[in-house]
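Reading through the structure tokens given below for one structure.
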Protein chains: 4
Amino acid sequence: MSPARISGETFRFPVRVYYEDTDAAGIVYYANYLRYMERARTEWLSSLGFDLADVERVLGIVFVVHRVEIDFRLPARLGERLEATLTLLELHRARMIALQDVRREHQTLTHARVTLACLNRASWRPARIPADLHARLENLI
Amino acid sequence: MSPARISGETFRFPVRVYYEDTDAAGIVYYANYLRYMERARTEWLSSLGFDLADVERVLGIVFVVHRVEIDFRLPARLGERLEATLTLLELHRARMIALQDVRREHQTLTHARVTLACLNRASWRPARIPADLHARLENLI
Amino acid sequence: MSPARISGETFRFPVRVYYEDTDAAGIVYYANYLRYMERARTEWLSSLGFDLADVERVLGIVFVVHRVEIDFRLPARLGERLEATLTLLELHRARMIALQDVRREHQTLTHARVTLACLNRASWRPARIPADLHARLENLI
Amino acid sequence: MSPARISGETFRFPVRVYYEDTDAAGIVYYANYLRYMERARTEWLSSLGFDLADVERVLGIVFVVHRVEIDFRLPARLGERLEATLTLLELHRARMIALQDVRREHQTLTHARVTLACLNRASWRPARIPADLHARLENLI
């Protein structure tokens with residue numbers, strides 16, 4: 001469970017820019033990159049066999065974003081096909097840190113470092129990441 | 001409880017257009033008028049002494065939109081100060097119909113007819129509108 | 001260009017329900033079905049060879065929703081895999097009408113009738129649907 | 001124009017939590033705090049006599065978020081009345097840094113450090129903050 005080994009595995013999820021994502025400046029509205037990032041996290045966990053809706057209902061835990069550091073480097077525009085990527089950076093008992101980019105081919109449009117906490121849904125207090133998920137995640141870093 | 005009397009009372013709630021509301025066509029994104037309309041409904045019920053969060057938690061009911069007919073007549077743009085209005089049109093045991101406009105001064109930008117249903121939160125089946133709320137609503141039409 | 005022939009062709013586009021789409025009632029927020037519907041329209045036109053961003057930039061026209069009649073029949077929940085469908089119902093010179101559903105397998109969750117107008121982007125006045133697009137659309141109804 | 005003096009002036013803007021802001025976890029969806037923060041920035045500039053829509057149209061510049069560092073400390077729930085605050089922290093020729101919190105009475109729910117860049121709308125390259133706005137901002141730090 002030693003943290004901070006750089007992952008060799010990066011998860012990639014396609015997103016397309018629709019009108020709903022853009023604003024009057026003609027570009028993707030800044031908060032909407034966080035929506036793309038959430039989709040990528042959900043699909044990443046899903047690809048590991050953990051559906052968030054089930055996890056929440058069955059295990060009574062919820063993953064919550066504790067901190068985001070995000071750089072907005074280049075704008076995206078209507079109709080573009082982008083990729084939201086996720087690389088697990090650190091894994092702890094009740095939290096993890098992921099690097100989450102949004103890319104257009106080989107350009108990084110936004111680059112983010114996201115801290116996720118595992119919480120008990122009822123008490124809203126830190127909870128251990130479920131053992132089987134933790135084991136799967138350990139293999140990624 | 002006879003339906004369909006035209007209300008003499010129209011509730012008005014101010015909304016301002018921010019970047020989040022607009023899209024790359026330079027106008028308010030069509031789905032966002034429904035967000036303005038929901039804010040007006042919430043504030044209207046709040047003005048009658050019924051906070052949706054409390055109603056849901058204490059009474060176990062939830063108001064759900066069953067049908068919307070909406071005309072998009074004129075676009076709204078960044079920075080504009082608009083008004084979301086609500087006029088109760090019909091009141092029944094477990095549902096009501098409201099006219100909800102979004103206006104800029106004397107121009108109607110969007111005009112909608114919204115059917116709201118009162119549901120039991122657990123069963124998701126129709127439930128009576130709470131008696132005291134129903135009494136308050138009767139006075140409006 | 002005779003209107004109102006029922007289409008034999010229905011376009012289908014997958015959507016998945018993420019946290020961003022849901023609200024505190026535990027279901028997809030009502031306005032977000034209109035976002036799903038817009039994605040389906042964009043992908044439908046894209047499948048016909050017309051990218052909205054190009055159409056707008058090159059031809060100076062924009063497609064705008066003029067009217068929506070939508071029934072919300074059944075709720076969708078976090079993590080569900082849905083389908084947004086589009087069937088062209090009527091085709092006119094400067095507008096068209098589409099039936100747009102959101103479905104879960106064989107259940108129709110929302111059913112909408114959407115009127116789209118083709119506008120000149122500069123004048124915001126009705127404009128003819130481009131001839132080549134119109135020809136492609138005629139084949140659909 | 002010396003940067004990094006702590007402001008004595010904090011701008012405050014009220015926000016209320018509607019269904020549109022919440023998600024299936026029952027709390028405000030994380031990206032939506034960035035929407036609250038944008039409203040506060042817009043109203044703050046408006047309070048200084050600079051309407052973003054005018055600034056963009058007349059001066060050909062646009063303010064873009066370059067970086068956000070945000071801590072999500074406590075959740076907000078449906079119906080709550082919050083306050084989005086803004087304190088100017090640093091002022092440079094073509095960018096500024098603001099502290100932007102979302103608070104419930106004396107609790108800080110989210111705390112963010114936001115870097116804003118002034119760009120030429122056509123070239124998307126850094127542009128000087130307009131002199132009269134810069135003069136107004138200098139008085140704030």
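Quick note on naming: the chains in the structure tokens go A, B, ... in the order shown, residues restart at 1 in each chain, and ligands are numbered from 1 in order of appearance.
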Residue neighbourhood region 112-122 of chain C, 10 Å, only C-alpha atoms, exclusion window fewer than 2 positions, as JSON, numbers by chain: {"B": [25, 67, 68, 69, 70, 71, 72], "C": [33, 34, 37, 56, 57, 59, 60, 61, 62, 63, 64, 65, 66, 67, 68, 69, 70, 71, 72, 86, 87, 88, 89, 90, 91, 92, 93, 94, 95, 96, 97, 98, 99, 100, 101, 102, 110, 124, 125, 126, 127, 128, 129, 130]}
Could you do a least-squares fit of chain A on chain D over every C-alpha atom, in sequence order, and give the output as a compact mmCIF listing (two decimals) with N, CA and C atoms, in the first residue's frame?
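Once everything was written out, this is part_1.txt:
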# COMPACT_ATOMS: atom_id res chain seq x y z
N MET A 1 1.06 48.10 -8.22
CA MET A 1 0.67 46.82 -8.76
C MET A 1 1.38 45.67 -8.07
N SER A 2 1.94 45.92 -6.90
CA SER A 2 2.63 44.83 -6.20
C SER A 2 1.61 43.79 -5.77
N PRO A 3 1.91 42.55 -6.04
CA PRO A 3 0.91 41.51 -5.80
C PRO A 3 0.86 41.10 -4.33
N ALA A 4 -0.08 40.25 -4.04
CA ALA A 4 -0.10 39.43 -2.84
C ALA A 4 -0.37 40.17 -1.54
N ARG A 5 -0.79 41.43 -1.61
CA ARG A 5 -1.29 41.98 -0.37
C ARG A 5 -2.65 41.38 -0.08
N ILE A 6 -2.87 41.00 1.14
CA ILE A 6 -4.16 40.40 1.49
C ILE A 6 -5.22 41.49 1.48
N SER A 7 -6.31 41.18 0.86
CA SER A 7 -7.39 42.16 0.75
C SER A 7 -8.08 42.37 2.08
N GLY A 8 -8.52 43.58 2.29
CA GLY A 8 -9.39 43.85 3.41
C GLY A 8 -10.85 43.73 3.00
N GLU A 9 -11.10 43.65 1.70
CA GLU A 9 -12.47 43.66 1.21
C GLU A 9 -12.86 42.32 0.64
N THR A 10 -13.93 41.79 1.16
CA THR A 10 -14.45 40.52 0.65
C THR A 10 -15.85 40.75 0.09
N PHE A 11 -16.02 40.33 -1.17
CA PHE A 11 -17.32 40.43 -1.82
C PHE A 11 -18.15 39.20 -1.46
N ARG A 12 -19.43 39.40 -1.21
CA ARG A 12 -20.30 38.29 -0.82
C ARG A 12 -21.52 38.24 -1.73
N PHE A 13 -21.86 37.02 -2.17
CA PHE A 13 -23.01 36.86 -3.06
C PHE A 13 -23.82 35.65 -2.62
N PRO A 14 -25.15 35.83 -2.43
CA PRO A 14 -25.96 34.72 -1.94
C PRO A 14 -26.28 33.70 -3.04
N VAL A 15 -26.25 32.45 -2.67
CA VAL A 15 -26.71 31.39 -3.58
C VAL A 15 -27.60 30.44 -2.78
N ARG A 16 -28.61 29.90 -3.46
CA ARG A 16 -29.45 28.91 -2.81
C ARG A 16 -29.33 27.59 -3.56
N VAL A 17 -29.40 26.50 -2.81
CA VAL A 17 -29.24 25.17 -3.41
C VAL A 17 -30.58 24.66 -3.92
N TYR A 18 -30.68 24.47 -5.24
CA TYR A 18 -31.88 23.91 -5.86
C TYR A 18 -31.60 22.47 -6.30
N TYR A 19 -32.68 21.76 -6.68
CA TYR A 19 -32.51 20.39 -7.19
C TYR A 19 -31.43 20.31 -8.27
N GLU A 20 -31.42 21.30 -9.18
CA GLU A 20 -30.46 21.29 -10.27
C GLU A 20 -29.01 21.20 -9.79
N ASP A 21 -28.76 21.64 -8.56
CA ASP A 21 -27.40 21.70 -8.02
C ASP A 21 -26.95 20.42 -7.34
N THR A 22 -27.93 19.58 -6.99
CA THR A 22 -27.63 18.40 -6.17
C THR A 22 -27.44 17.16 -7.05
N ASP A 23 -26.95 16.08 -6.42
CA ASP A 23 -26.85 14.82 -7.13
C ASP A 23 -27.41 13.69 -6.27
N ALA A 24 -27.31 12.47 -6.79
CA ALA A 24 -27.95 11.31 -6.15
C ALA A 24 -27.33 10.99 -4.79
N ALA A 25 -26.17 11.58 -4.45
CA ALA A 25 -25.62 11.40 -3.12
C ALA A 25 -26.31 12.35 -2.12
N GLY A 26 -27.22 13.18 -2.63
CA GLY A 26 -28.01 14.05 -1.76
C GLY A 26 -27.34 15.38 -1.45
N ILE A 27 -26.21 15.64 -2.11
CA ILE A 27 -25.44 16.85 -1.82
C ILE A 27 -25.18 17.64 -3.11
N VAL A 28 -24.66 18.86 -2.94
CA VAL A 28 -24.33 19.65 -4.12
C VAL A 28 -23.23 18.95 -4.91
N TYR A 29 -23.45 18.75 -6.19
CA TYR A 29 -22.48 18.10 -7.09
C TYR A 29 -21.22 18.95 -7.16
N TYR A 30 -20.06 18.30 -7.07
CA TYR A 30 -18.81 19.05 -6.87
C TYR A 30 -18.54 20.12 -7.92
N ALA A 31 -18.84 19.84 -9.17
CA ALA A 31 -18.56 20.83 -10.21
C ALA A 31 -19.42 22.08 -10.07
N ASN A 32 -20.55 21.95 -9.38
CA ASN A 32 -21.47 23.08 -9.30
C ASN A 32 -20.98 24.19 -8.38
N TYR A 33 -20.04 23.88 -7.49
CA TYR A 33 -19.43 24.96 -6.71
C TYR A 33 -18.68 25.92 -7.63
N LEU A 34 -18.16 25.39 -8.74
CA LEU A 34 -17.46 26.26 -9.70
C LEU A 34 -18.46 27.17 -10.42
N ARG A 35 -19.70 26.71 -10.56
CA ARG A 35 -20.74 27.58 -11.11
C ARG A 35 -21.07 28.70 -10.11
N TYR A 36 -21.19 28.34 -8.85
CA TYR A 36 -21.44 29.38 -7.83
C TYR A 36 -20.30 30.41 -7.85
N MET A 37 -19.07 29.91 -7.97
CA MET A 37 -17.91 30.80 -7.95
C MET A 37 -17.91 31.74 -9.16
N GLU A 38 -18.34 31.22 -10.30
CA GLU A 38 -18.40 32.08 -11.50
C GLU A 38 -19.46 33.16 -11.33
N ARG A 39 -20.62 32.79 -10.74
CA ARG A 39 -21.65 33.81 -10.49
C ARG A 39 -21.08 34.92 -9.61
N ALA A 40 -20.35 34.52 -8.57
CA ALA A 40 -19.79 35.52 -7.66
C ALA A 40 -18.78 36.41 -8.37
N ARG A 41 -17.96 35.84 -9.26
CA ARG A 41 -16.99 36.66 -10.00
C ARG A 41 -17.71 37.65 -10.90
N THR A 42 -18.75 37.16 -11.58
CA THR A 42 -19.50 38.03 -12.48
C THR A 42 -20.16 39.17 -11.72
N GLU A 43 -20.77 38.87 -10.58
CA GLU A 43 -21.45 39.90 -9.79
C GLU A 43 -20.45 40.86 -9.15
N TRP A 44 -19.27 40.33 -8.82
CA TRP A 44 -18.22 41.16 -8.23
C TRP A 44 -17.75 42.19 -9.27
N LEU A 45 -17.47 41.74 -10.49
CA LEU A 45 -17.07 42.67 -11.55
C LEU A 45 -18.21 43.63 -11.87
N SER A 46 -19.42 43.12 -11.87
CA SER A 46 -20.59 43.96 -12.11
C SER A 46 -20.68 45.05 -11.04
N SER A 47 -20.39 44.68 -9.78
CA SER A 47 -20.46 45.65 -8.68
C SER A 47 -19.38 46.73 -8.83
N LEU A 48 -18.32 46.41 -9.60
CA LEU A 48 -17.25 47.38 -9.86
C LEU A 48 -17.52 48.18 -11.13
N GLY A 49 -18.68 47.91 -11.76
CA GLY A 49 -19.04 48.66 -12.96
C GLY A 49 -18.64 47.99 -14.26
N PHE A 50 -18.25 46.70 -14.20
CA PHE A 50 -17.81 46.02 -15.41
C PHE A 50 -18.67 44.80 -15.68
N ASP A 51 -19.55 44.93 -16.66
CA ASP A 51 -20.37 43.79 -17.04
C ASP A 51 -19.61 42.94 -18.05
N LEU A 52 -19.48 41.66 -17.73
CA LEU A 52 -18.67 40.77 -18.56
C LEU A 52 -19.12 40.77 -20.02
N ALA A 53 -20.43 40.79 -20.23
CA ALA A 53 -20.94 40.74 -21.61
C ALA A 53 -20.48 41.98 -22.37
N ASP A 54 -20.51 43.15 -21.71
CA ASP A 54 -20.08 44.38 -22.36
C ASP A 54 -18.57 44.37 -22.59
N VAL A 55 -17.85 43.97 -21.54
CA VAL A 55 -16.39 43.93 -21.62
C VAL A 55 -15.96 43.12 -22.84
N GLU A 56 -16.64 41.97 -23.00
CA GLU A 56 -16.27 41.08 -24.09
C GLU A 56 -16.60 41.71 -25.44
N ARG A 57 -17.78 42.29 -25.53
CA ARG A 57 -18.24 42.84 -26.82
C ARG A 57 -17.48 44.12 -27.17
N VAL A 58 -17.33 45.00 -26.20
CA VAL A 58 -16.76 46.32 -26.48
C VAL A 58 -15.24 46.28 -26.54
N LEU A 59 -14.64 45.59 -25.59
CA LEU A 59 -13.18 45.62 -25.48
C LEU A 59 -12.51 44.43 -26.15
N GLY A 60 -13.28 43.43 -26.50
CA GLY A 60 -12.70 42.28 -27.19
C GLY A 60 -11.83 41.41 -26.31
N ILE A 61 -12.03 41.53 -25.00
CA ILE A 61 -11.27 40.65 -24.10
C ILE A 61 -12.22 39.73 -23.35
N VAL A 62 -11.64 38.69 -22.81
CA VAL A 62 -12.43 37.73 -22.06
C VAL A 62 -11.59 37.28 -20.86
N PHE A 63 -12.27 37.07 -19.72
CA PHE A 63 -11.56 36.55 -18.56
C PHE A 63 -11.74 35.03 -18.52
N VAL A 64 -10.62 34.34 -18.42
CA VAL A 64 -10.64 32.89 -18.47
C VAL A 64 -9.98 32.34 -17.21
N VAL A 65 -10.53 31.27 -16.67
CA VAL A 65 -9.93 30.63 -15.50
C VAL A 65 -8.74 29.79 -15.96
N HIS A 66 -7.57 30.07 -15.40
CA HIS A 66 -6.36 29.33 -15.77
C HIS A 66 -6.08 28.18 -14.82
N ARG A 67 -6.40 28.39 -13.55
CA ARG A 67 -6.09 27.34 -12.57
C ARG A 67 -7.06 27.48 -11.40
N VAL A 68 -7.50 26.34 -10.90
CA VAL A 68 -8.31 26.30 -9.68
C VAL A 68 -7.71 25.27 -8.74
N GLU A 69 -7.51 25.68 -7.48
CA GLU A 69 -7.21 24.72 -6.41
C GLU A 69 -8.38 24.81 -5.45
N ILE A 70 -9.10 23.73 -5.32
CA ILE A 70 -10.31 23.79 -4.50
C ILE A 70 -10.39 22.62 -3.52
N ASP A 71 -10.67 22.96 -2.26
CA ASP A 71 -10.91 21.95 -1.22
C ASP A 71 -12.40 21.87 -0.95
N PHE A 72 -12.91 20.64 -0.96
CA PHE A 72 -14.31 20.39 -0.65
C PHE A 72 -14.36 19.89 0.79
N ARG A 73 -14.75 20.74 1.72
CA ARG A 73 -14.64 20.40 3.13
C ARG A 73 -15.91 19.83 3.73
N LEU A 74 -17.03 20.47 3.42
CA LEU A 74 -18.30 20.04 3.99
C LEU A 74 -19.35 20.08 2.89
N PRO A 75 -20.30 19.14 2.92
CA PRO A 75 -21.32 19.12 1.87
C PRO A 75 -22.42 20.14 2.12
N ALA A 76 -23.05 20.58 1.05
CA ALA A 76 -24.25 21.43 1.14
C ALA A 76 -25.42 20.61 0.63
N ARG A 77 -26.61 20.93 1.13
CA ARG A 77 -27.79 20.12 0.80
C ARG A 77 -28.93 20.98 0.26
N LEU A 78 -29.89 20.28 -0.32
CA LEU A 78 -31.05 20.91 -0.95
C LEU A 78 -31.70 21.98 -0.05
N GLY A 79 -31.94 23.13 -0.63
CA GLY A 79 -32.68 24.18 0.07
C GLY A 79 -31.82 25.12 0.89
N GLU A 80 -30.55 24.76 1.10
CA GLU A 80 -29.70 25.62 1.94
C GLU A 80 -29.41 26.96 1.27
N ARG A 81 -29.23 27.95 2.14
CA ARG A 81 -28.87 29.28 1.67
C ARG A 81 -27.40 29.50 1.99
N LEU A 82 -26.60 29.67 0.95
CA LEU A 82 -25.15 29.77 1.10
C LEU A 82 -24.69 31.15 0.64
N GLU A 83 -23.40 31.35 0.78
CA GLU A 83 -22.79 32.61 0.38
C GLU A 83 -21.52 32.27 -0.39
N ALA A 84 -21.38 32.85 -1.57
CA ALA A 84 -20.14 32.71 -2.32
C ALA A 84 -19.35 34.00 -2.12
N THR A 85 -18.12 33.86 -1.60
CA THR A 85 -17.32 35.04 -1.30
C THR A 85 -16.12 35.12 -2.24
N LEU A 86 -15.63 36.33 -2.42
CA LEU A 86 -14.45 36.55 -3.27
C LEU A 86 -13.57 37.61 -2.64
N THR A 87 -12.30 37.27 -2.51
CA THR A 87 -11.30 38.22 -2.02
C THR A 87 -10.15 38.25 -3.02
N LEU A 88 -9.86 39.44 -3.52
CA LEU A 88 -8.76 39.55 -4.49
C LEU A 88 -7.44 39.42 -3.74
N LEU A 89 -6.59 38.53 -4.22
CA LEU A 89 -5.35 38.21 -3.51
C LEU A 89 -4.13 38.79 -4.22
N GLU A 90 -4.11 38.64 -5.54
CA GLU A 90 -2.99 39.16 -6.33
C GLU A 90 -3.53 39.80 -7.59
N LEU A 91 -2.86 40.90 -7.99
CA LEU A 91 -3.25 41.58 -9.22
C LEU A 91 -2.01 41.81 -10.06
N HIS A 92 -2.04 41.30 -11.30
CA HIS A 92 -0.93 41.49 -12.23
C HIS A 92 -1.46 42.17 -13.49
N ARG A 93 -0.61 42.32 -14.50
CA ARG A 93 -1.06 43.04 -15.70
C ARG A 93 -2.15 42.33 -16.47
N ALA A 94 -1.97 41.01 -16.59
CA ALA A 94 -2.90 40.26 -17.44
C ALA A 94 -3.57 39.13 -16.68
N ARG A 95 -3.35 39.09 -15.37
CA ARG A 95 -4.02 38.04 -14.61
C ARG A 95 -4.18 38.47 -13.16
N MET A 96 -5.04 37.75 -12.46
CA MET A 96 -5.23 38.00 -11.04
C MET A 96 -5.56 36.69 -10.34
N ILE A 97 -5.38 36.71 -9.03
CA ILE A 97 -5.69 35.53 -8.23
C ILE A 97 -6.69 35.93 -7.16
N ALA A 98 -7.76 35.12 -7.04
CA ALA A 98 -8.79 35.41 -6.04
C ALA A 98 -8.99 34.20 -5.14
N LEU A 99 -9.31 34.47 -3.88
CA LEU A 99 -9.77 33.41 -2.99
C LEU A 99 -11.28 33.40 -3.08
N GLN A 100 -11.82 32.22 -3.33
CA GLN A 100 -13.28 32.12 -3.48
C GLN A 100 -13.80 30.99 -2.60
N ASP A 101 -14.57 31.35 -1.60
CA ASP A 101 -15.16 30.35 -0.71
C ASP A 101 -16.65 30.22 -0.97
N VAL A 102 -17.19 29.10 -0.57
CA VAL A 102 -18.64 28.96 -0.43
C VAL A 102 -18.89 28.63 1.03
N ARG A 103 -19.72 29.46 1.66
CA ARG A 103 -19.92 29.37 3.11
C ARG A 103 -21.38 29.18 3.48
N ARG A 104 -21.60 28.55 4.63
CA ARG A 104 -22.90 28.47 5.26
C ARG A 104 -22.72 29.11 6.63
N GLU A 105 -23.26 30.30 6.79
CA GLU A 105 -23.00 31.09 7.98
C GLU A 105 -21.48 31.16 8.24
N HIS A 106 -20.99 30.60 9.33
CA HIS A 106 -19.56 30.77 9.59
C HIS A 106 -18.74 29.55 9.22
N GLN A 107 -19.38 28.60 8.52
CA GLN A 107 -18.64 27.42 8.08
C GLN A 107 -18.20 27.58 6.62
N THR A 108 -16.96 27.22 6.37
CA THR A 108 -16.47 27.22 4.99
C THR A 108 -16.70 25.83 4.41
N LEU A 109 -17.56 25.75 3.40
CA LEU A 109 -17.85 24.44 2.78
C LEU A 109 -16.80 24.10 1.74
N THR A 110 -16.50 25.08 0.88
CA THR A 110 -15.42 24.88 -0.09
C THR A 110 -14.53 26.12 -0.06
N HIS A 111 -13.24 25.89 -0.29
CA HIS A 111 -12.27 26.97 -0.29
C HIS A 111 -11.44 26.84 -1.56
N ALA A 112 -11.38 27.91 -2.34
CA ALA A 112 -10.68 27.80 -3.62
C ALA A 112 -9.75 28.99 -3.85
N ARG A 113 -8.70 28.72 -4.60
CA ARG A 113 -7.76 29.73 -5.07
C ARG A 113 -7.84 29.68 -6.59
N VAL A 114 -8.26 30.80 -7.17
CA VAL A 114 -8.59 30.81 -8.60
C VAL A 114 -7.71 31.82 -9.34
N THR A 115 -7.03 31.34 -10.37
CA THR A 115 -6.23 32.23 -11.21
C THR A 115 -7.00 32.56 -12.47
N LEU A 116 -7.21 33.87 -12.67
CA LEU A 116 -7.94 34.35 -13.84
C LEU A 116 -6.98 35.04 -14.80
N ALA A 117 -7.10 34.74 -16.08
CA ALA A 117 -6.27 35.40 -17.08
C ALA A 117 -7.15 36.25 -17.97
N CYS A 118 -6.64 37.39 -18.36
CA CYS A 118 -7.31 38.27 -19.31
C CYS A 118 -6.76 37.95 -20.70
N LEU A 119 -7.66 37.56 -21.62
CA LEU A 119 -7.22 37.17 -22.96
C LEU A 119 -7.90 38.04 -24.02
N ASN A 120 -7.17 38.22 -25.13
CA ASN A 120 -7.77 38.81 -26.32
C ASN A 120 -8.72 37.79 -26.92
N ARG A 121 -9.95 38.19 -27.16
CA ARG A 121 -10.95 37.21 -27.57
C ARG A 121 -10.64 36.61 -28.94
N ALA A 122 -10.06 37.39 -29.82
CA ALA A 122 -9.79 36.90 -31.17
C ALA A 122 -8.55 36.01 -31.19
N SER A 123 -7.49 36.47 -30.58
CA SER A 123 -6.22 35.72 -30.66
C SER A 123 -6.08 34.69 -29.57
N TRP A 124 -6.91 34.82 -28.51
CA TRP A 124 -6.82 33.94 -27.34
C TRP A 124 -5.43 34.03 -26.67
N ARG A 125 -4.80 35.20 -26.80
CA ARG A 125 -3.51 35.43 -26.16
C ARG A 125 -3.67 36.42 -25.02
N PRO A 126 -2.71 36.43 -24.06
CA PRO A 126 -2.83 37.33 -22.91
C PRO A 126 -3.01 38.77 -23.34
N ALA A 127 -3.89 39.47 -22.63
CA ALA A 127 -4.15 40.89 -22.91
C ALA A 127 -4.11 41.62 -21.57
N ARG A 128 -3.73 42.88 -21.61
CA ARG A 128 -3.74 43.68 -20.38
C ARG A 128 -5.15 43.83 -19.85
N ILE A 129 -5.29 43.72 -18.55
CA ILE A 129 -6.56 44.07 -17.93
C ILE A 129 -6.82 45.54 -18.23
N PRO A 130 -8.04 45.90 -18.69
CA PRO A 130 -8.32 47.30 -19.05
C PRO A 130 -7.92 48.24 -17.91
N ALA A 131 -7.35 49.41 -18.27
CA ALA A 131 -6.75 50.31 -17.30
C ALA A 131 -7.72 50.74 -16.19
N ASP A 132 -8.94 51.07 -16.58
CA ASP A 132 -9.88 51.55 -15.56
C ASP A 132 -10.30 50.43 -14.62
N LEU A 133 -10.44 49.21 -15.15
CA LEU A 133 -10.74 48.09 -14.27
C LEU A 133 -9.54 47.81 -13.36
N HIS A 134 -8.35 47.85 -13.93
CA HIS A 134 -7.14 47.61 -13.15
C HIS A 134 -7.04 48.59 -11.99
N ALA A 135 -7.36 49.84 -12.28
CA ALA A 135 -7.31 50.87 -11.22
C ALA A 135 -8.31 50.55 -10.11
N ARG A 136 -9.50 50.12 -10.52
CA ARG A 136 -10.51 49.76 -9.51
C ARG A 136 -10.04 48.57 -8.67
N LEU A 137 -9.43 47.61 -9.33
CA LEU A 137 -8.98 46.40 -8.63
C LEU A 137 -7.84 46.72 -7.67
N GLU A 138 -6.96 47.65 -8.08
CA GLU A 138 -5.83 48.00 -7.20
C GLU A 138 -6.31 48.50 -5.85
N ASN A 139 -7.45 49.16 -5.88
CA ASN A 139 -7.98 49.68 -4.61
C ASN A 139 -8.46 48.58 -3.67
N LEU A 140 -8.60 47.39 -4.20
CA LEU A 140 -9.17 46.30 -3.40
C LEU A 140 -8.12 45.48 -2.67
N ILE A 141 -6.84 45.66 -3.09
CA ILE A 141 -5.84 44.79 -2.46
C ILE A 141 -4.80 45.60 -1.71
Expected answer as number ranges by chain: strand (DSSP E or B) residues in chain C: C: 11-16, 22, 27-28, 61-72, 77, 81-91, 95-104, 107-120, 126
